[in-house]
Amino acid sequence: MSALPPLDPPPLDPPFDGPSVPANGHGKVDWASVRADFPLLLREVHGKPLIYFDNANTGQKPACVIEAVDGYYRRHNANVSRAVHQLGTEATEAYEGTRRKLARFLNVRADELVLCSGTTFAINLVAYSWALPRLGPGDTILVSRMEHHANIVPWQIVAERTGATVRVAEIVEDGTLDLEALRRAMTADVKLLAVTHVSNVLGTVNPVREICREARRHGIVTVVDGSQAVPHRRVDIAAIGCDFYAFTGHKMCGPTGTGALWARREHLEAMPPFLGGGEMIKEVAFGGTVYNDPPQRFEAGTPNIAGFAGLGAAVDYLERLGMDHIEQREAALLAHLTQALGTIDGLRILGAAPDKAAVVSFLVEGAHAHDLATLLDLEGVAVRSGQHCAHPLLQFYGVAATCRASPAFYNTHDEIDAFVAALRKVRRLLG
Ligand code: PMP
């Protein structure tokens, strides 16, 4: 007999009631109990305890997020904004509740947040709806050297179609942006600047507030890729002062296929739709269609409602834990990891920015990154190897591939020691 769903669904949008961080009795966060919130971290891989160091790729999910998705399908599933019945109201509330939570979490207005599948969609929305109709021959799009392909290729497509040019904002050897060169590159032909908040390869934290202020002085519209920032530190989009800010839910404890674009209201008002269909219209007739107001204008079709129910739970979870606690914890893990890797002969770390998130790309003399990652996997360690969707950045360093270890707050110092021991072992195996 199948289990019936509980009759009393929990409220969908419980009020956030301030930090209730599990403490260890000394006023510190009890990170062991935080780790226990993540069921997947209990599993083994190839008979070894899993050490998951691929968080820059995607993060693991706490039980509350998994339960929010499960609970949504068990108790509330319906479509949004279309039905007047109770379930339709609950589904709409799950979805819109997350928009409000994200707005509070990032200090922006909810009606300036377009919910979508993630950063890739968000940046393409800016490219197709803002840039394509506005740019033309003679215009320049400045793109930093350290961008993920999601913040490069859409601009190349815009350039191809409009005759605009893509110009590179270069970095220096330690993996920071050449800010002086960037300032000089902000010439009158530059209409848009695409820059990441935090590099997914080097961990570099860019001074986006200063960069956006300078760009604004030159009348340049700014697109900030926040994929690697929002999960790891307190982000105040209003304080950054950009025009567009994109981020992804699956790296911030939320489900895959969720994310958002924040944009200044005046941009959203002026942008034509990207995709056409249901939800994004007010009225449709063969004689002409009236589009909906933003943000719904950009949310055609049935969204990932269950995913956004989960993302709402993820925001609650991160807020309860406190982004400042997360940042401190990851800084300690990064310091430990950097020091421990420094004891391995022939190991080179790419990127040494003074402000750096817990992302460490490294090369080991005489060993290919893929071989290292494959052998590490047999030791239960998950790291990424390759070009990390950042070919131009690896070209700058003249390397074909790196290994990347990216711990998160739920990882432990013991795991770092075990990882470095495993790395020594596989390196010996590779001769
Ligand atoms: N930008 C950066 C900096 C990233 O790290 C990623 C994910 N690796 C993306 C963009 C793309 O995000 P998504 O695949 O969720 O759209």
# chains A, B, ... in the order shown; residues from 1 in each chain; ligands from 1

call {"tool": "residues_near_ligand", "arguments": {"ligand": "ligand 1", "cutoff": "7 Å", "atoms": "only C-alpha atoms and all ligand atoms", "output": "PyMOL selection string"}}
result
chain A and resi 56-57+118-121+147-148+150-151+196+198-200+225-228+248+250

call {"tool": "residues_around", "arguments": {"residues": "A:Val360", "least_positions_apart": "6", "cutoff": "7 Å", "atoms": "only C-alpha atoms", "output": "PyMOL selection string"}}
result
chain A and resi 202-203+349+404-406

call {"tool": "residues_around", "arguments": {"residues": "A:Gly175", "least_positions_apart": "4", "cutoff": "12 Å", "atoms": "only C-alpha atoms", "output": "number ranges by chain"}}
result
A: 144-147, 170-171, 179, 198-206, 349-356, 360-361, 393-394, 396-397

call {"tool": "residues_around", "arguments": {"residues": "A:Ile123", "least_positions_apart": "6", "cutoff": "12 Å", "atoms": "only C-alpha atoms", "output": "number ranges by chain"}}
result
A: 114, 116-117, 129-131, 148-155, 157-158, 194-196, 222-227, 243-248, 259-263, 274

call {"tool": "write_last_selection", "arguments": {"atoms": "N, CA and C atoms", "output": "CSV table (one decimal), in the first residue's frame"}}
result
chain,number,residue,atom,x,y,z
A,114,VAL,N,14.3,38.1,-12.4
A,114,VAL,CA,13.7,37.2,-13.4
A,114,VAL,C,14.2,35.8,-13.0
A,116,CYS,N,14.9,32.0,-13.6
A,116,CYS,CA,15.2,31.2,-14.8
A,116,CYS,C,16.0,30.0,-14.4
A,117,SER,N,16.6,29.3,-15.5
A,117,SER,CA,17.2,28.0,-15.2
A,117,SER,C,18.7,28.2,-14.6
A,129,SER,N,18.1,40.1,-25.3
A,129,SER,CA,17.0,41.1,-25.2
A,129,SER,C,17.6,42.5,-25.0
A,130,TRP,N,18.7,42.6,-24.3
A,130,TRP,CA,19.3,44.0,-24.1
A,130,TRP,C,20.3,44.3,-25.2
A,131,ALA,N,21.3,43.4,-25.5
A,131,ALA,CA,22.4,43.8,-26.3
A,131,ALA,C,22.1,43.7,-27.8
A,148,HIS,N,33.9,32.6,-17.4
A,148,HIS,CA,33.4,31.3,-17.8
A,148,HIS,C,32.8,31.5,-19.2
A,149,HIS,N,32.8,30.4,-20.0
A,149,HIS,CA,32.2,30.5,-21.3
A,149,HIS,C,30.8,31.1,-21.4
A,150,ALA,N,30.1,30.9,-20.3
A,150,ALA,CA,28.7,31.5,-20.2
A,150,ALA,C,28.7,33.0,-20.3
A,151,ASN,N,29.8,33.6,-20.0
A,151,ASN,CA,29.9,35.1,-20.0
A,151,ASN,C,30.9,35.5,-21.1
A,152,ILE,N,31.1,34.6,-22.1
A,152,ILE,CA,31.9,35.0,-23.3
A,152,ILE,C,31.1,34.7,-24.5
A,153,VAL,N,30.7,33.5,-24.7
A,153,VAL,CA,30.1,33.0,-25.9
A,153,VAL,C,28.8,33.9,-26.3
A,154,PRO,N,27.9,34.2,-25.3
A,154,PRO,CA,26.8,35.0,-25.7
A,154,PRO,C,27.2,36.4,-26.3
A,155,TRP,N,28.3,36.9,-25.8
A,155,TRP,CA,28.8,38.2,-26.3
A,155,TRP,C,29.4,38.0,-27.7
A,157,ILE,N,28.3,35.9,-29.8
A,157,ILE,CA,27.1,35.7,-30.7
A,157,ILE,C,26.5,37.1,-31.0
A,158,VAL,N,26.5,38.0,-30.0
A,158,VAL,CA,26.0,39.3,-30.2
A,158,VAL,C,26.9,40.1,-31.2
A,194,ALA,N,31.4,42.8,-19.3
A,194,ALA,CA,31.0,41.5,-18.7
A,194,ALA,C,32.1,41.0,-17.8
A,195,VAL,N,31.8,40.9,-16.5
A,195,VAL,CA,32.9,40.5,-15.6
A,195,VAL,C,32.3,39.6,-14.5
A,196,THR,N,33.2,38.6,-14.1
A,196,THR,CA,32.7,37.7,-13.1
A,196,THR,C,33.0,38.3,-11.7
A,222,THR,N,26.9,47.2,-17.1
A,222,THR,CA,27.7,46.1,-16.5
A,222,THR,C,26.9,44.8,-16.3
A,223,VAL,N,27.5,43.7,-16.7
A,223,VAL,CA,26.9,42.4,-16.4
A,223,VAL,C,27.8,41.6,-15.5
A,224,VAL,N,27.4,41.3,-14.3
A,224,VAL,CA,28.2,40.6,-13.4
A,224,VAL,C,27.8,39.2,-13.2
A,225,ASP,N,28.7,38.3,-13.4
A,225,ASP,CA,28.4,36.8,-13.2
A,225,ASP,C,28.6,36.5,-11.7
A,226,GLY,N,27.6,36.2,-11.0
A,226,GLY,CA,27.7,36.0,-9.6
A,226,GLY,C,27.7,34.5,-9.2
A,227,SER,N,27.8,33.6,-10.2
A,227,SER,CA,27.7,32.2,-9.9
A,227,SER,C,28.5,31.7,-8.8
A,243,ASP,N,24.4,46.7,-13.5
A,243,ASP,CA,23.2,46.8,-14.2
A,243,ASP,C,22.4,45.5,-14.3
A,244,PHE,N,23.3,44.4,-14.4
A,244,PHE,CA,22.7,43.0,-14.4
A,244,PHE,C,23.6,42.2,-13.5
A,245,TYR,N,22.9,41.2,-12.8
A,245,TYR,CA,23.7,40.3,-12.0
A,245,TYR,C,23.0,38.9,-12.1
A,246,ALA,N,23.8,37.9,-12.6
A,246,ALA,CA,23.3,36.6,-12.9
A,246,ALA,C,23.8,35.6,-11.9
A,247,PHE,N,23.0,34.6,-11.5
A,247,PHE,CA,23.5,33.6,-10.6
A,247,PHE,C,22.7,32.3,-10.8
A,248,THR,N,23.2,31.3,-10.2
A,248,THR,CA,22.7,29.9,-10.4
A,248,THR,C,22.3,29.3,-9.1
A,259,GLY,N,17.8,29.5,-11.0
A,259,GLY,CA,18.7,30.6,-10.9
A,259,GLY,C,18.0,31.9,-11.2
A,260,ALA,N,18.7,33.0,-11.4
A,260,ALA,CA,17.9,34.2,-11.7
A,260,ALA,C,18.8,35.3,-12.3
A,261,LEU,N,18.2,36.2,-12.9
A,261,LEU,CA,18.8,37.4,-13.4
A,261,LEU,C,18.2,38.6,-12.6
A,262,TRP,N,19.1,39.4,-12.0
A,262,TRP,CA,18.6,40.6,-11.4
A,262,TRP,C,19.0,41.7,-12.5
A,263,ALA,N,18.1,42.6,-12.7
A,263,ALA,CA,18.3,43.7,-13.6
A,263,ALA,C,17.6,45.0,-13.1
A,274,PHE,N,12.4,37.5,-24.6
A,274,PHE,CA,13.4,36.6,-25.1
A,274,PHE,C,12.7,35.4,-25.7

call {"tool": "residues_around", "arguments": {"residues": "A:Ala369", "least_positions_apart": "5", "cutoff": "12 Å", "atoms": "only C-alpha atoms", "output": "list in words"}}
result
Leu347, Arg348, Ser361, Phe362, Leu363, Val364, Thr374, Leu375, Leu376, Val383, Arg384, Ser385, Gly386, Gln387, His388, Val399, Ala400, Ala401, Thr402, Cys403, Arg404, Ala405, Leu423, Val426, Arg427 and Leu430 of chain A

call {"tool": "select_by_dssp", "arguments": {"residues": "stretch 225-385 of chain A", "states": "alpha helix (DSSP H)", "output": "PyMOL selection string"}}
result
chain A and resi 237-240+265-270+305-321+323-341+369-378

call {"tool": "select_by_dssp", "arguments": {"residues": "stretch 212-306 of chain A", "states": "strand (DSSP E)", "output": "list of chain:residue names"}}
result
A:Val221, A:Thr222, A:Val223, A:Val224, A:Asp225, A:Phe244, A:Tyr245, A:Ala246, A:Phe247, A:Thr248, A:Gly259, A:Ala260, A:Leu261, A:Trp262, A:Ala263, A:Ile281, A:Lys282, A:Glu283, A:Val284, A:Ala285, A:Gly288, A:Thr289, A:Val290, A:Tyr291

call {"tool": "decode", "arguments": {"residues": "stretch 23-49 of chain A", "atoms": "N, CA and C atoms", "output": "short mmCIF file (atom, residue, chain, number, x, y, z; two decimals), in the first residue's frame"}}
result
data_model
loop_
_atom_site.label_atom_id
_atom_site.label_comp_id
_atom_site.auth_asym_id
_atom_site.auth_seq_id
_atom_site.Cartn_x
_atom_site.Cartn_y
_atom_site.Cartn_z
N ALA A 23 25.22 25.48 17.48
CA ALA A 23 26.43 25.94 18.16
C ALA A 23 27.06 24.78 18.92
N ASN A 24 28.35 24.85 19.17
CA ASN A 24 29.04 23.75 19.85
C ASN A 24 29.30 24.03 21.33
N GLY A 25 28.60 25.04 21.85
CA GLY A 25 28.76 25.33 23.27
C GLY A 25 29.79 26.40 23.54
N HIS A 26 30.61 26.72 22.53
CA HIS A 26 31.61 27.79 22.71
C HIS A 26 31.26 29.00 21.83
N GLY A 27 29.99 29.08 21.48
CA GLY A 27 29.57 30.21 20.64
C GLY A 27 30.03 30.07 19.19
N LYS A 28 30.56 28.90 18.83
CA LYS A 28 31.00 28.69 17.44
C LYS A 28 30.02 27.77 16.73
N VAL A 29 30.02 27.85 15.41
CA VAL A 29 29.14 26.96 14.64
C VAL A 29 29.62 25.52 14.81
N ASP A 30 28.68 24.62 15.00
CA ASP A 30 29.03 23.20 15.10
C ASP A 30 29.03 22.63 13.67
N TRP A 31 30.19 22.69 13.03
CA TRP A 31 30.25 22.32 11.62
C TRP A 31 29.99 20.84 11.40
N ALA A 32 30.24 20.02 12.43
CA ALA A 32 29.96 18.58 12.28
C ALA A 32 28.46 18.37 12.12
N SER A 33 27.68 19.13 12.88
CA SER A 33 26.23 18.93 12.75
C SER A 33 25.71 19.58 11.46
N VAL A 34 26.38 20.63 10.99
CA VAL A 34 26.01 21.21 9.68
C VAL A 34 26.26 20.16 8.60
N ARG A 35 27.40 19.50 8.67
CA ARG A 35 27.74 18.49 7.66
C ARG A 35 26.69 17.37 7.64
N ALA A 36 26.18 17.04 8.83
CA ALA A 36 25.19 15.96 8.92
C ALA A 36 23.88 16.33 8.21
N ASP A 37 23.70 17.59 7.88
CA ASP A 37 22.51 18.00 7.13
C ASP A 37 22.56 17.52 5.67
N PHE A 38 23.71 17.05 5.21
CA PHE A 38 23.89 16.73 3.79
C PHE A 38 23.99 15.20 3.62
N PRO A 39 22.86 14.56 3.32
CA PRO A 39 22.84 13.09 3.31
C PRO A 39 23.86 12.48 2.35
N LEU A 40 24.07 13.10 1.21
CA LEU A 40 24.94 12.48 0.21
C LEU A 40 26.38 12.34 0.70
N LEU A 41 26.77 13.20 1.63
CA LEU A 41 28.17 13.18 2.08
C LEU A 41 28.48 11.92 2.89
N LEU A 42 27.44 11.15 3.20
CA LEU A 42 27.67 9.91 3.96
C LEU A 42 28.09 8.76 3.05
N ARG A 43 27.96 8.93 1.75
CA ARG A 43 28.17 7.76 0.88
C ARG A 43 29.65 7.48 0.65
N GLU A 44 29.89 6.29 0.16
CA GLU A 44 31.25 5.91 -0.21
C GLU A 44 31.36 5.87 -1.73
N VAL A 45 32.60 6.04 -2.20
CA VAL A 45 32.89 5.92 -3.63
C VAL A 45 34.07 4.97 -3.76
N HIS A 46 33.92 3.94 -4.57
CA HIS A 46 34.97 2.92 -4.74
C HIS A 46 35.45 2.39 -3.38
N GLY A 47 34.50 2.21 -2.47
CA GLY A 47 34.83 1.64 -1.15
C GLY A 47 35.52 2.60 -0.20
N LYS A 48 35.64 3.85 -0.59
CA LYS A 48 36.29 4.85 0.28
C LYS A 48 35.26 5.93 0.66
N PRO A 49 35.43 6.54 1.83
CA PRO A 49 34.50 7.65 2.16
C PRO A 49 34.64 8.76 1.13
#
